[in-house]
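Source file: work-v6.tsv; contents: TSV, N, CA and C atoms.
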```tsv
chain	number	residue	atom	x	y	z
A	23	MET	N	84.68	82.43	105.34
A	23	MET	CA	85.78	83.11	105.98
A	23	MET	C	85.89	82.78	107.47
A	24	CYS	N	84.76	82.64	108.13
A	24	CYS	CA	84.75	82.47	109.58
A	24	CYS	C	85.26	81.10	109.98
A	25	GLN	N	86.15	81.08	110.95
A	25	GLN	CA	86.70	79.84	111.49
A	25	GLN	C	86.16	79.55	112.90
A	26	HIS	N	85.24	80.38	113.40
A	26	HIS	CA	84.72	80.24	114.75
A	26	HIS	C	83.71	79.10	114.84
A	27	MET	N	83.56	78.56	116.05
A	27	MET	CA	82.54	77.56	116.31
A	27	MET	C	81.70	78.05	117.46
A	28	PRO	N	80.42	78.22	117.34
A	28	PRO	CA	79.67	78.09	116.10
A	28	PRO	C	80.03	79.22	115.15
A	29	ALA	N	79.81	78.97	113.88
A	29	ALA	CA	80.18	79.94	112.85
A	29	ALA	C	79.37	81.23	112.98
A	30	CYS	N	80.02	82.33	112.66
A	30	CYS	CA	79.35	83.64	112.67
A	30	CYS	C	78.37	83.73	111.50
A	31	PRO	N	77.41	84.64	111.57
A	31	PRO	CA	76.47	84.82	110.46
A	31	PRO	C	77.21	85.24	109.20
A	32	LYS	N	76.74	84.76	108.06
A	32	LYS	CA	77.35	85.13	106.78
A	32	LYS	C	76.99	86.56	106.43
A	33	ALA	N	77.77	87.15	105.52
A	33	ALA	CA	77.59	88.56	105.14
A	33	ALA	C	76.23	88.84	104.52
A	34	ASP	N	75.59	87.83	103.93
A	34	ASP	CA	74.29	88.07	103.28
A	34	ASP	C	73.10	87.77	104.20
A	35	GLU	N	73.38	87.45	105.46
A	35	GLU	CA	72.30	87.18	106.41
A	35	GLU	C	71.91	88.46	107.15
A	36	SER	N	70.69	88.52	107.62
A	36	SER	CA	70.19	89.75	108.26
A	36	SER	C	70.90	90.07	109.58
A	37	ASP	N	71.45	89.07	110.25
A	37	ASP	CA	72.14	89.31	111.52
A	37	ASP	C	73.66	89.37	111.35
A	38	ARG	N	74.12	89.77	110.16
A	38	ARG	CA	75.55	89.80	109.82
A	38	ARG	C	76.38	90.64	110.79
A	39	ASP	N	75.78	91.65	111.42
A	39	ASP	CA	76.50	92.52	112.35
A	39	ASP	C	76.90	91.80	113.64
A	40	ALA	N	76.38	90.60	113.88
A	40	ALA	CA	76.70	89.84	115.08
A	40	ALA	C	78.01	89.06	114.95
A	41	ALA	N	78.66	89.12	113.79
A	41	ALA	CA	79.92	88.41	113.59
A	41	ALA	C	81.01	89.01	114.49
A	42	LYS	N	82.03	88.22	114.78
A	42	LYS	CA	83.13	88.66	115.64
A	42	LYS	C	83.97	89.73	114.96
A	43	ARG	N	84.47	90.65	115.77
A	43	ARG	CA	85.34	91.72	115.27
A	43	ARG	C	86.74	91.17	115.03
A	44	MET	N	87.32	91.52	113.88
A	44	MET	CA	88.67	91.07	113.55
A	44	MET	C	89.66	92.22	113.60
A	45	ALA	N	89.22	93.42	113.23
A	45	ALA	CA	90.09	94.60	113.23
A	45	ALA	C	89.23	95.82	113.46
A	46	ARG	N	89.85	96.88	113.99
A	46	ARG	CA	89.13	98.11	114.29
A	46	ARG	C	90.06	99.29	114.07
A	47	ASP	N	89.54	100.36	113.48
A	47	ASP	CA	90.29	101.60	113.33
A	47	ASP	C	89.44	102.72	113.90
A	48	ASP	N	89.78	103.16	115.12
A	48	ASP	CA	88.99	104.19	115.80
A	48	ASP	C	89.10	105.54	115.10
A	49	ILE	N	90.22	105.83	114.49
A	49	ILE	CA	90.40	107.12	113.83
A	49	ILE	C	89.52	107.22	112.59
A	50	SER	N	89.51	106.16	111.77
A	50	SER	CA	88.69	106.16	110.55
A	50	SER	C	87.24	105.78	110.83
A	51	GLY	N	87.00	105.10	111.94
A	51	GLY	CA	85.63	104.76	112.33
A	51	GLY	C	85.06	103.53	111.65
A	52	TRP	N	85.84	102.45	111.53
A	52	TRP	CA	85.32	101.23	110.94
A	52	TRP	C	85.77	100.02	111.73
A	53	THR	N	85.00	98.94	111.55
A	53	THR	CA	85.30	97.65	112.15
A	53	THR	C	85.17	96.59	111.06
A	54	LEU	N	86.18	95.71	110.96
A	54	LEU	CA	86.12	94.58	110.03
A	54	LEU	C	85.64	93.37	110.80
A	55	LEU	N	84.55	92.78	110.33
A	55	LEU	CA	84.00	91.58	110.96
A	55	LEU	C	84.55	90.34	110.26
A	56	CYS	N	84.51	89.20	110.94
A	56	CYS	CA	85.12	87.99	110.38
A	56	CYS	C	84.38	87.46	109.14
A	57	ASN	N	83.18	87.94	108.89
A	57	ASN	CA	82.46	87.54	107.69
A	57	ASN	C	82.76	88.46	106.51
A	58	GLY	N	83.72	89.37	106.68
A	58	GLY	CA	84.14	90.25	105.59
A	58	GLY	C	83.40	91.57	105.51
A	59	VAL	N	82.45	91.80	106.40
A	59	VAL	CA	81.68	93.04	106.41
A	59	VAL	C	82.50	94.15	107.06
A	60	LEU	N	82.54	95.31	106.41
A	60	LEU	CA	83.12	96.51	107.00
A	60	LEU	C	81.97	97.30	107.59
A	61	LEU	N	81.98	97.47	108.89
A	61	LEU	CA	80.92	98.16	109.60
A	61	LEU	C	81.45	99.53	110.02
A	62	PHE	N	80.75	100.59	109.63
A	62	PHE	CA	81.20	101.95	109.92
A	62	PHE	C	80.46	102.50	111.14
A	63	ASP	N	81.10	103.45	111.82
A	63	ASP	CA	80.51	104.03	113.04
A	63	ASP	C	79.17	104.70	112.80
A	64	ASP	N	78.91	105.15	111.57
A	64	ASP	CA	77.62	105.78	111.28
A	64	ASP	C	76.53	104.75	110.99
A	65	THR	N	76.83	103.47	111.19
A	65	THR	CA	75.99	102.29	110.99
A	65	THR	C	75.85	101.88	109.53
A	66	GLY	N	76.58	102.51	108.63
A	66	GLY	CA	76.63	102.05	107.25
A	66	GLY	C	77.51	100.81	107.17
A	67	GLU	N	77.37	100.05	106.08
A	67	GLU	CA	78.14	98.83	105.92
A	67	GLU	C	78.59	98.67	104.48
A	68	LEU	N	79.72	98.01	104.30
A	68	LEU	CA	80.22	97.62	103.00
A	68	LEU	C	80.37	96.11	103.04
A	69	LEU	N	79.61	95.41	102.18
A	69	LEU	CA	79.63	93.96	102.16
A	69	LEU	C	80.78	93.47	101.28
A	70	PRO	N	81.22	92.23	101.48
A	70	PRO	CA	82.34	91.70	100.69
A	70	PRO	C	82.11	91.71	99.18
A	71	ASN	N	80.86	91.65	98.74
A	71	ASN	CA	80.56	91.67	97.30
A	71	ASN	C	80.50	93.08	96.73
A	72	GLY	N	80.79	94.08	97.56
A	72	GLY	CA	80.79	95.48	97.11
A	72	GLY	C	79.48	96.20	97.35
A	73	ALA	N	78.46	95.49	97.82
A	73	ALA	CA	77.17	96.12	98.08
A	73	ALA	C	77.30	97.07	99.27
A	74	ILE	N	76.54	98.16	99.20
A	74	ILE	CA	76.56	99.17	100.25
A	74	ILE	C	75.24	99.13	101.00
A	75	ILE	N	75.31	99.13	102.31
A	75	ILE	CA	74.13	99.25	103.16
A	75	ILE	C	74.17	100.65	103.76
A	76	ALA	N	73.16	101.44	103.45
A	76	ALA	CA	73.12	102.82	103.95
A	76	ALA	C	73.05	102.84	105.47
A	77	PRO	N	73.54	103.92	106.09
A	77	PRO	CA	73.43	104.04	107.54
A	77	PRO	C	71.98	103.84	107.99
A	78	HIS	N	71.80	103.12	109.08
A	78	HIS	CA	70.45	102.81	109.56
A	78	HIS	C	70.37	103.04	111.06
A	79	ARG	N	70.69	104.27	111.44
A	79	ARG	CA	70.59	104.65	112.85
A	79	ARG	C	69.14	104.64	113.28
A	80	PRO	N	68.90	104.26	114.52
A	80	PRO	CA	67.51	104.33	115.01
A	80	PRO	C	67.08	105.79	115.12
A	81	LEU	N	65.81	106.02	114.90
A	81	LEU	CA	65.27	107.37	115.03
A	81	LEU	C	65.24	107.76	116.49
A	82	VAL	N	65.61	109.00	116.77
A	82	VAL	CA	65.60	109.51	118.14
A	82	VAL	C	64.51	110.57	118.24
A	83	TYR	N	63.63	110.39	119.18
A	83	TYR	CA	62.53	111.33	119.39
A	83	TYR	C	62.79	112.12	120.66
A	84	GLU	N	62.56	113.43	120.57
A	84	GLU	CA	62.69	114.27	121.75
A	84	GLU	C	61.37	114.33	122.48
A	85	ARG	N	61.44	114.50	123.77
A	85	ARG	CA	60.21	114.65	124.55
A	85	ARG	C	59.47	115.89	124.14
A	86	GLY	N	58.19	115.75	123.98
A	86	GLY	CA	57.35	116.89	123.65
A	86	GLY	C	57.32	117.22	122.16
A	87	ALA	N	58.09	116.50	121.37
A	87	ALA	CA	58.08	116.75	119.92
A	87	ALA	C	56.83	116.12	119.32
A	88	ALA	N	56.24	116.81	118.38
A	88	ALA	CA	55.02	116.29	117.78
A	88	ALA	C	55.33	115.42	116.60
```

Go ahead and express the file in the form of structure tokens.
Amino acid sequence: MCQHMPACPKADESDRDAAKRMARDDISGWTLLCNGVLLFDDTGELLPNGAIIAPHRPLVYERGAA
């Protein structure tokens, strides 16, 4: 799908989120990347083959929490 030079990472590669943004909907909270990945604001993803990547937000630790 990608026409950029150098080409963006493919949807099945681990760095797929580094692909260029093609469209964005701030109200719905998604971004379409040029490799066909739909990236959601909650960090979940929908791949072009229909596979779902669960949200993978980094863990946040509070000071003083055990």

Pairwise distance for CA of Leu61 (chain A) and CA of Ala76 (chain A), rounded to one decimal in Å: 10.7 Å

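Atom pair atom C of Trp52 (chain A) / CA of Ala29 (chain A): separated by 20.9 Å.
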
Distance query region 62-68 of chain A at most 7 Å, only N, CA and C atoms, self and fewer than 5 positions along chain excluded, as a ChimeraX atom specification: /A:50-53,73-79

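Picture a line from CA of His26 (chain A) to CA of Ala41 (chain A); it runs 9.5 Å.
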
Among listed residues A:Leu69, A:Leu55, A:Met27, A:Leu60, nearest Arg43 (chain A) (using all atoms listed in the file): A:Leu55

Using the file's own x, y and z axes, what box holds all listed atoms of region 23-35 of chain A with 8 Å on each side, keeping edges along x, y and z, and what are its centre and edge lengths in Å to one decimal, as lines of an AutoDock Vina configuration file?
```
center_x = 79.3
center_y = 83.2
center_z = 110.4
size_x = 30.8
size_y = 27.3
size_z = 30.2
```
